[in-house]
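What follows is the content of start-v6.pdb, which has PDB, C-alpha atoms:
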```
ATOM      1  CA  MET A   1     -25.169  -2.115   2.926
ATOM      2  CA  ALA A   2     -25.798  -3.218   6.509
ATOM      3  CA  TYR A   3     -28.162  -6.131   6.984
ATOM      4  CA  ARG A   4     -31.461  -5.221   8.585
ATOM      5  CA  ARG A   5     -33.555  -7.841  10.315
ATOM      6  CA  THR A   6     -37.074  -8.098   9.088
ATOM      7  CA  PRO A   7     -39.887  -7.928  11.659
ATOM      8  CA  ALA A   8     -40.488 -11.654  11.141
ATOM      9  CA  VAL A   9     -36.833 -12.510  11.833
ATOM     10  CA  GLN A  10     -36.741 -10.271  14.916
ATOM     11  CA  GLU A  11     -39.956 -11.830  16.196
ATOM     12  CA  ARG A  12     -38.459 -15.298  15.793
ATOM     13  CA  LEU A  13     -35.283 -14.288  17.627
ATOM     14  CA  ASP A  14     -37.269 -12.695  20.438
ATOM     15  CA  ALA A  15     -39.360 -15.849  20.799
ATOM     16  CA  GLN A  16     -36.195 -17.944  20.859
ATOM     17  CA  ARG A  17     -34.677 -15.735  23.545
ATOM     18  CA  GLU A  18     -37.824 -16.069  25.665
ATOM     19  CA  ALA A  19     -37.769 -19.845  25.256
ATOM     20  CA  ILE A  20     -34.129 -19.962  26.360
ATOM     21  CA  ALA A  21     -34.848 -17.799  29.408
ATOM     22  CA  ALA A  22     -37.853 -19.938  30.377
ATOM     23  CA  ALA A  23     -35.777 -23.107  30.013
ATOM     24  CA  ALA A  24     -33.030 -21.632  32.198
ATOM     25  CA  VAL A  25     -35.499 -20.727  34.957
ATOM     26  CA  ALA A  26     -37.050 -24.203  34.839
ATOM     27  CA  LEU A  27     -33.672 -25.915  35.087
ATOM     28  CA  LEU A  28     -32.511 -23.576  37.840
ATOM     29  CA  SER A  29     -35.646 -24.494  39.796
ATOM     30  CA  GLU A  30     -35.009 -28.210  39.295
ATOM     31  CA  ARG A  31     -31.224 -28.533  39.496
ATOM     32  CA  GLY A  32     -29.866 -25.338  40.991
ATOM     33  CA  TYR A  33     -26.987 -23.328  39.593
ATOM     34  CA  SER A  34     -24.414 -26.118  39.646
ATOM     35  CA  GLY A  35     -26.677 -28.492  37.733
ATOM     36  CA  LEU A  36     -27.378 -26.058  34.923
ATOM     37  CA  SER A  37     -25.374 -25.978  31.695
ATOM     38  CA  VAL A  38     -25.764 -24.169  28.387
ATOM     39  CA  SER A  39     -26.266 -27.463  26.565
ATOM     40  CA  ALA A  40     -29.022 -28.473  29.005
ATOM     41  CA  VAL A  41     -30.742 -25.118  28.541
ATOM     42  CA  ALA A  42     -30.558 -25.504  24.759
ATOM     43  CA  GLU A  43     -32.032 -29.003  24.929
ATOM     44  CA  ARG A  44     -34.878 -27.871  27.205
ATOM     45  CA  ALA A  45     -35.612 -24.873  24.972
ATOM     46  CA  GLY A  46     -35.552 -27.025  21.835
ATOM     47  CA  VAL A  47     -32.776 -25.051  20.153
ATOM     48  CA  ALA A  48     -29.179 -25.691  19.138
ATOM     49  CA  THR A  49     -26.467 -24.887  21.675
ATOM     50  CA  GLY A  50     -25.118 -22.295  19.240
ATOM     51  CA  SER A  51     -28.459 -20.501  19.375
ATOM     52  CA  VAL A  52     -27.995 -19.891  23.105
ATOM     53  CA  TYR A  53     -24.605 -18.323  22.417
ATOM     54  CA  ARG A  54     -26.227 -16.079  19.840
ATOM     55  CA  HIS A  55     -28.103 -14.398  22.684
ATOM     56  CA  TYR A  56     -25.713 -14.870  25.628
ATOM     57  CA  VAL A  57     -21.925 -14.848  25.850
ATOM     58  CA  ASP A  58     -21.753 -17.799  28.268
ATOM     59  CA  LYS A  59     -23.518 -19.422  31.219
ATOM     60  CA  SER A  60     -22.551 -16.551  33.517
ATOM     61  CA  ASP A  61     -24.051 -13.978  31.152
ATOM     62  CA  LEU A  62     -27.251 -16.007  30.876
ATOM     63  CA  MET A  63     -27.498 -16.440  34.638
ATOM     64  CA  VAL A  64     -26.860 -12.756  35.353
ATOM     65  CA  ARG A  65     -29.831 -11.848  33.221
ATOM     66  CA  ILE A  66     -31.989 -14.603  34.663
ATOM     67  CA  PHE A  67     -31.060 -13.681  38.246
ATOM     68  CA  ARG A  68     -31.851 -10.052  37.493
ATOM     69  CA  GLU A  69     -35.322 -10.908  36.206
ATOM     70  CA  LEU A  70     -36.053 -13.293  39.066
ATOM     71  CA  CYS A  71     -34.812 -10.854  41.698
ATOM     72  CA  ASP A  72     -36.896  -8.060  40.188
ATOM     73  CA  ARG A  73     -39.918 -10.352  40.409
ATOM     74  CA  GLU A  74     -39.286 -11.128  44.087
ATOM     75  CA  VAL A  75     -38.691  -7.487  44.980
ATOM     76  CA  GLU A  76     -41.870  -6.435  43.197
ATOM     77  CA  ALA A  77     -43.901  -9.037  45.105
ATOM     78  CA  VAL A  78     -42.511  -7.938  48.466
ATOM     79  CA  THR A  79     -42.805  -4.220  47.741
ATOM     80  CA  SER A  80     -46.396  -4.606  46.595
ATOM     81  CA  ALA A  81     -47.355  -6.669  49.669
ATOM     82  CA  ALA A  82     -45.800  -4.109  52.034
ATOM     83  CA  ALA A  83     -47.228  -1.004  50.382
ATOM     84  CA  THR A  84     -50.094  -0.424  52.834
ATOM     85  CA  GLY A  85     -51.035  -0.918  56.465
ATOM     86  CA  SER A  86     -49.349  -0.154  59.754
ATOM     87  CA  GLY A  87     -45.633  -0.445  60.326
ATOM     88  CA  ALA A  88     -46.163  -3.878  61.863
ATOM     89  CA  ASP A  89     -48.296  -4.919  58.892
ATOM     90  CA  ARG A  90     -45.589  -3.824  56.482
ATOM     91  CA  VAL A  91     -42.716  -5.504  58.286
ATOM     92  CA  SER A  92     -44.793  -8.671  58.551
ATOM     93  CA  ALA A  93     -45.631  -8.518  54.850
ATOM     94  CA  VAL A  94     -41.978  -8.260  53.829
ATOM     95  CA  VAL A  95     -41.012 -11.307  55.879
ATOM     96  CA  ASP A  96     -44.112 -13.360  55.105
ATOM     97  CA  THR A  97     -44.073 -12.751  51.352
ATOM     98  CA  PHE A  98     -40.349 -13.304  50.883
ATOM     99  CA  SER A  99     -40.226 -16.383  53.133
ATOM    100  CA  ARG A 100     -43.259 -18.171  51.750
ATOM    101  CA  ARG A 101     -42.179 -17.594  48.163
ATOM    102  CA  ALA A 102     -38.717 -18.952  48.972
ATOM    103  CA  LEU A 103     -40.029 -22.043  50.731
ATOM    104  CA  ARG A 104     -42.488 -22.680  47.909
ATOM    105  CA  ASN A 105     -39.601 -23.134  45.448
ATOM    106  CA  PRO A 106     -36.664 -24.124  47.676
ATOM    107  CA  THR A 107     -34.160 -25.174  45.011
ATOM    108  CA  LEU A 108     -34.590 -21.905  43.154
ATOM    109  CA  ALA A 109     -34.474 -19.939  46.406
ATOM    110  CA  TYR A 110     -31.220 -21.625  47.431
ATOM    111  CA  ALA A 111     -29.724 -20.740  44.041
ATOM    112  CA  LEU A 112     -30.777 -17.117  44.461
ATOM    113  CA  LEU A 113     -29.720 -16.806  48.100
ATOM    114  CA  ALA A 114     -26.714 -18.961  48.869
ATOM    115  CA  GLU A 115     -25.503 -21.439  46.262
ATOM    116  CA  PRO A 116     -21.908 -20.853  45.089
ATOM    117  CA  VAL A 117     -22.067 -18.944  41.790
ATOM    118  CA  ASP A 118     -19.827 -16.911  39.487
ATOM    119  CA  ALA A 119     -18.734 -13.480  40.717
ATOM    120  CA  ALA A 120     -20.889 -11.664  38.161
ATOM    121  CA  VAL A 121     -23.969 -13.578  39.290
ATOM    122  CA  ASP A 122     -23.103 -13.048  42.949
ATOM    123  CA  ALA A 123     -23.173  -9.307  42.295
ATOM    124  CA  GLU A 124     -26.881  -9.632  41.498
ATOM    125  CA  ARG A 125     -27.405 -11.012  44.992
ATOM    126  CA  LEU A 126     -26.068  -7.794  46.435
ATOM    127  CA  VAL A 127     -28.663  -5.882  44.422
ATOM    128  CA  LEU A 128     -31.356  -8.211  45.781
ATOM    129  CA  ARG A 129     -30.196  -7.776  49.373
ATOM    130  CA  ARG A 130     -30.165  -4.002  49.008
ATOM    131  CA  ALA A 131     -33.665  -4.017  47.563
ATOM    132  CA  PHE A 132     -34.997  -6.123  50.443
ATOM    133  CA  ALA A 133     -33.175  -3.902  52.921
ATOM    134  CA  ALA A 134     -34.924  -0.917  51.342
ATOM    135  CA  ALA A 135     -38.290  -2.662  51.737
ATOM    136  CA  PHE A 136     -37.582  -3.319  55.414
ATOM    137  CA  ALA A 137     -36.307   0.226  55.929
ATOM    138  CA  ASN A 138     -39.459   1.722  54.427
ATOM    139  CA  ALA A 139     -41.648  -0.479  56.619
ATOM    140  CA  VAL A 140     -39.736   0.303  59.815
ATOM    141  CA  ARG A 141     -39.542   3.997  58.948
ATOM    142  CA  HIS A 142     -43.328   4.069  58.594
ATOM    143  CA  GLY A 143     -43.691   2.444  62.008
ATOM    144  CA  VAL A 144     -41.345   4.982  63.590
ATOM    145  CA  ALA A 145     -43.223   7.875  61.961
ATOM    146  CA  THR A 146     -46.565   6.624  63.290
ATOM    147  CA  GLY A 147     -45.202   5.967  66.779
ATOM    148  CA  GLU A 148     -45.530   2.182  66.585
ATOM    149  CA  PHE A 149     -41.786   1.628  66.776
ATOM    150  CA  PRO A 150     -39.219   3.491  68.863
ATOM    151  CA  GLU A 151     -36.700   5.832  67.277
ATOM    152  CA  GLN A 152     -33.834   3.804  65.855
ATOM    153  CA  ASP A 153     -31.224   3.513  63.131
ATOM    154  CA  VAL A 154     -33.650   2.338  60.459
ATOM    155  CA  GLU A 155     -30.948   1.319  57.975
ATOM    156  CA  LEU A 156     -29.158  -0.754  60.614
ATOM    157  CA  THR A 157     -32.378  -2.525  61.594
ATOM    158  CA  ALA A 158     -33.189  -3.222  57.940
ATOM    159  CA  ALA A 159     -29.738  -4.646  57.209
ATOM    160  CA  ALA A 160     -29.899  -6.854  60.296
ATOM    161  CA  LEU A 161     -33.329  -8.177  59.318
ATOM    162  CA  VAL A 162     -32.188  -9.052  55.795
ATOM    163  CA  GLY A 163     -29.261 -10.972  57.253
ATOM    164  CA  ALA A 164     -31.367 -12.776  59.847
ATOM    165  CA  VAL A 165     -34.167 -13.773  57.467
ATOM    166  CA  GLY A 166     -31.738 -14.874  54.768
ATOM    167  CA  GLU A 167     -29.658 -16.932  57.195
ATOM    168  CA  VAL A 168     -32.662 -18.722  58.677
ATOM    169  CA  LEU A 169     -34.202 -19.489  55.291
ATOM    170  CA  THR A 170     -30.927 -20.731  53.841
ATOM    171  CA  GLY A 171     -30.660 -23.297  56.634
ATOM    172  CA  ARG A 172     -34.028 -24.714  55.625
ATOM    173  CA  LEU A 173     -33.384 -24.971  51.888
ATOM    174  CA  PRO A 174     -31.984 -27.947  49.937
ATOM    175  CA  GLY A 175     -28.233 -27.636  49.586
ATOM    176  CA  ALA A 176     -27.655 -26.115  53.017
ATOM    177  CA  ALA A 177     -24.909 -27.798  54.996
ATOM    178  CA  ASP A 178     -27.188 -28.554  57.913
ATOM    179  CA  GLY A 179     -30.655 -29.697  56.890
ATOM    180  CA  ARG A 180     -31.868 -30.942  60.254
ATOM    181  CA  HIS A 181     -34.623 -28.342  60.482
ATOM    182  CA  ARG A 182     -35.885 -28.378  56.916
ATOM    183  CA  HIS A 183     -38.918 -30.425  57.892
ATOM    184  CA  SER A 184     -40.418 -27.397  59.653
ATOM    185  CA  ALA A 185     -40.641 -25.498  56.358
ATOM    186  CA  ALA A 186     -43.290 -22.798  56.469
ATOM    187  CA  GLY A 187     -45.108 -24.399  59.391
ATOM    188  CA  SER A 188     -43.361 -22.540  62.192
ATOM    189  CA  THR A 189     -40.502 -20.848  60.370
ATOM    190  CA  VAL A 190     -42.492 -18.025  58.801
ATOM    191  CA  PRO A 191     -44.506 -17.022  61.902
ATOM    192  CA  ASP A 192     -41.357 -17.196  64.016
ATOM    193  CA  LEU A 193     -39.467 -15.001  61.537
ATOM    194  CA  VAL A 194     -42.309 -12.480  61.511
ATOM    195  CA  ALA A 195     -42.274 -12.348  65.317
ATOM    196  CA  LEU A 196     -38.483 -11.944  65.315
ATOM    197  CA  ALA A 197     -38.655  -9.089  62.802
ATOM    198  CA  LEU A 198     -41.319  -7.266  64.788
ATOM    199  CA  ARG A 199     -39.367  -7.596  68.040
ATOM    200  CA  SER A 200     -36.227  -6.361  66.297
ATOM    201  CA  ALA A 201     -38.090  -3.279  65.100
ATOM    202  CA  GLY A 202     -39.317  -2.606  68.641
ATOM    203  CA  HIS A 203     -42.945  -3.574  68.103
ATOM    204  CA  LEU A 204     -44.810  -4.611  71.225
ATOM    205  CA  PRO A 205     -48.145  -6.468  71.216
ATOM    206  CA  SER A 206     -51.120  -4.332  72.195
ATOM    207  CA  GLY A 207     -51.450  -3.943  75.956
ATOM    208  CA  THR A 208     -47.780  -4.494  76.772
ATOM    209  CA  THR A 209     -45.080  -2.010  77.662
ATOM    210  CA  SER A 210     -41.323  -2.207  77.522
ATOM    211  CA  GLY A 211     -40.776  -0.246  80.685
ATOM    212  CA  VAL A 212     -38.345   1.941  78.785
ATOM    213  CA  LYS A 213     -39.314   5.263  77.282
ATOM    214  CA  PRO A 214     -38.304   5.582  73.607
TER     215      PRO A 214
END
```
Show how you would write the structure in this file as structure tokens.
Amino acid sequence: MAYRRTPAVQERLDAQREAIAAAAVALLSERGYSGLSVSAVAERAGVATGSVYRHYVDKSDLMVRIFRELCDREVEAVTSAAATGSGADRVSAVVDTFSRRALRNPTLAYALLAEPVDAAVDAERLVLRRAFAAAFANAVRHGVATGEFPEQDVELTAAALVGAVGEVLTGRLPGAADGRHRHSAAGSTVPDLVALALRSAGHLPSGTTSGVKP
């Protein structure tokens, strides 16, 4: 007869899994991907190392699931912030929300955006980039539909904005090869990125003209 877990046993295992996940996120935020190990996660969660392997095959499996949850959280925050307003409002919200959240937790952001990781974990980054590109595309598409932005290849603009924002932020996060500009943090970086994104989408401040008909 197959063993069936009792509700109490399942509840304990679920709680243990949550504790392991929380410990992994905390360590990722403190040490980055390279500084995280299964044994360290087990110690932080207050469980035996074998208990971690009961829930996850290895570090890569654990990190894939953690990255997925963290990326979903970031995408939800950006999508929610950019759900209303003009095209300019929406583009600004995508950049502002993503950038400020990244700069608020720079070690975690560097792990999510650029730190060398296993191939399986890196695949989650592609999902994140596509989700942010979709958020930009929706914002720009709204601006085109309302006449704020000129007609354009919306998908191309969105992909370019994801690349530009990610590249700039990565250079200001711990672990980047060149940290000369990290001191600026959110002070000028975020407003400058917002302005760059709006110009890239073809937004012009009120009262100005491009001199070129769309």
(message) Can you translate the PyMOL selection byres ((chain A and resi 120-134) around 8) into the concrete residues it hits in this file, as number ranges by chain?
(response) A: 60, 63-64, 67-68, 71-72, 75, 78, 112-113, 117-119, 135-138, 155, 158-159, 161-162
Could you take the residues named above and write them with C-alpha atoms, as a CSV table (one decimal), keeping the file's coordinate frame?
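The result, stored in selection31.csv:
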```csv
chain,number,residue,atom,x,y,z
A,60,SER,CA,-22.6,-16.6,33.5
A,63,MET,CA,-27.5,-16.4,34.6
A,64,VAL,CA,-26.9,-12.8,35.4
A,67,PHE,CA,-31.1,-13.7,38.2
A,68,ARG,CA,-31.9,-10.1,37.5
A,71,CYS,CA,-34.8,-10.9,41.7
A,72,ASP,CA,-36.9,-8.1,40.2
A,75,VAL,CA,-38.7,-7.5,45.0
A,78,VAL,CA,-42.5,-7.9,48.5
A,112,LEU,CA,-30.8,-17.1,44.5
A,113,LEU,CA,-29.7,-16.8,48.1
A,117,VAL,CA,-22.1,-18.9,41.8
A,118,ASP,CA,-19.8,-16.9,39.5
A,119,ALA,CA,-18.7,-13.5,40.7
A,135,ALA,CA,-38.3,-2.7,51.7
A,136,PHE,CA,-37.6,-3.3,55.4
A,137,ALA,CA,-36.3,0.2,55.9
A,138,ASN,CA,-39.5,1.7,54.4
A,155,GLU,CA,-30.9,1.3,58.0
A,158,ALA,CA,-33.2,-3.2,57.9
A,159,ALA,CA,-29.7,-4.6,57.2
A,161,LEU,CA,-33.3,-8.2,59.3
A,162,VAL,CA,-32.2,-9.1,55.8
```
If you apply the PyMOL selection byres ((chain A and resi 201) around 7) to this file, what residues do you get, as a PDB file with C-alpha atoms, keeping the file's coordinate frame?
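Output (selection.pdb):
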```
ATOM      1  CA  VAL A 140     -39.736   0.303  59.815  1.00  0.00           C
ATOM      2  CA  PHE A 149     -41.786   1.628  66.776  1.00  0.00           C
ATOM      3  CA  THR A 157     -32.378  -2.525  61.594  1.00  0.00           C
ATOM      4  CA  ALA A 197     -38.655  -9.089  62.802  1.00  0.00           C
ATOM      5  CA  LEU A 198     -41.319  -7.266  64.788  1.00  0.00           C
ATOM      6  CA  ARG A 199     -39.367  -7.596  68.040  1.00  0.00           C
ATOM      7  CA  SER A 200     -36.227  -6.361  66.297  1.00  0.00           C
ATOM      8  CA  GLY A 202     -39.317  -2.606  68.641  1.00  0.00           C
ATOM      9  CA  HIS A 203     -42.945  -3.574  68.103  1.00  0.00           C
TER      10      HIS A 203
END
```
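Closest to Ala102 in chain A among A:Val190, A:Ala81, A:Ala23, A:Val38 is A:Val190, based on all atoms listed in the file.
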(request) Would you mind telling me which residue in A:Thr170, A:Gln16, A:Ser99, A:Thr189 lies nearest to Ala48 in chain A when using all atoms listed in the file? (result)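 Ranking A:Thr170, A:Gln16, A:Ser99, A:Thr189 by distance to Ala48 in chain A, first place goes to A:Gln16.
For the pair CA of Thr107 in chain A and CA of Glu30 in chain A, the separation is 6.5 Å.
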(request) Can you work out the spacing between CA of Thr97 in chain A and CA of Glu76 in chain A in Å, to one decimal? (result)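 Those two atoms sit 10.5 Å apart.
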(request) Point out the residue among A:Ala40, A:Ala145, A:Ala139, A:Leu173 with the least atom-to-atom distance to Ala82 in chain A, counting only C-alpha atoms. (result)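 The shortest atom-to-atom distance to Ala82 in chain A comes from A:Ala139.
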(request) Please measure the separation of CA of Val41 in chain A and CA of Ala77 in chain A, giving the value in Å to one decimal. (result) 26.6 Å
(request) Identify which of the residues A:Arg141, A:Arg31, A:Arg54, A:Arg5 lies closest to Ala88 in chain A, counting only C-alpha atoms when measuring atom-to-atom distances. (result)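 Of A:Arg141, A:Arg31, A:Arg54, A:Arg5, the one nearest Ala88 in chain A is A:Arg141, counting only C-alpha atoms.
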(message) Counting all atoms listed in the file, which residue out of A:Ala195, A:Leu204, A:Ala26, A:Ala160 sits closest to Glu148 in chain A?
(response)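 Going through A:Ala195, A:Leu204, A:Ala26, A:Ala160 one by one, the smallest distance to Glu148 in chain A is for A:Leu204.
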(message) Measuring between all atoms listed in the file, which one of A:Leu103, A:Val94, A:Leu28, A:Val154 shows the shortest distance to Ser188 in chain A?
(response)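 That would be A:Leu103, the residue with the smallest distance to Ser188 in chain A.
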(request) Quick one: everything within 12 Å of Gly46 in chain A, counting all atoms listed in the file, minus sequence neighbours fewer than 4 positions away in the same chain. Send it as a VMD selection string. (result) chain A and resid 15 to 24 39 to 42 50 to 52
Please put the answer as lines of an AutoDock Vina configuration file: centre and edge lengths, in Å with one decimal, of a box along x, y and z that encloses all listed atoms of range 126-140 of chain A plus 3 Å on each side.
```
center_x = -33.9
center_y = -3.2
center_z = 52.1
size_x = 21.6
size_y = 15.9
size_z = 21.4
```
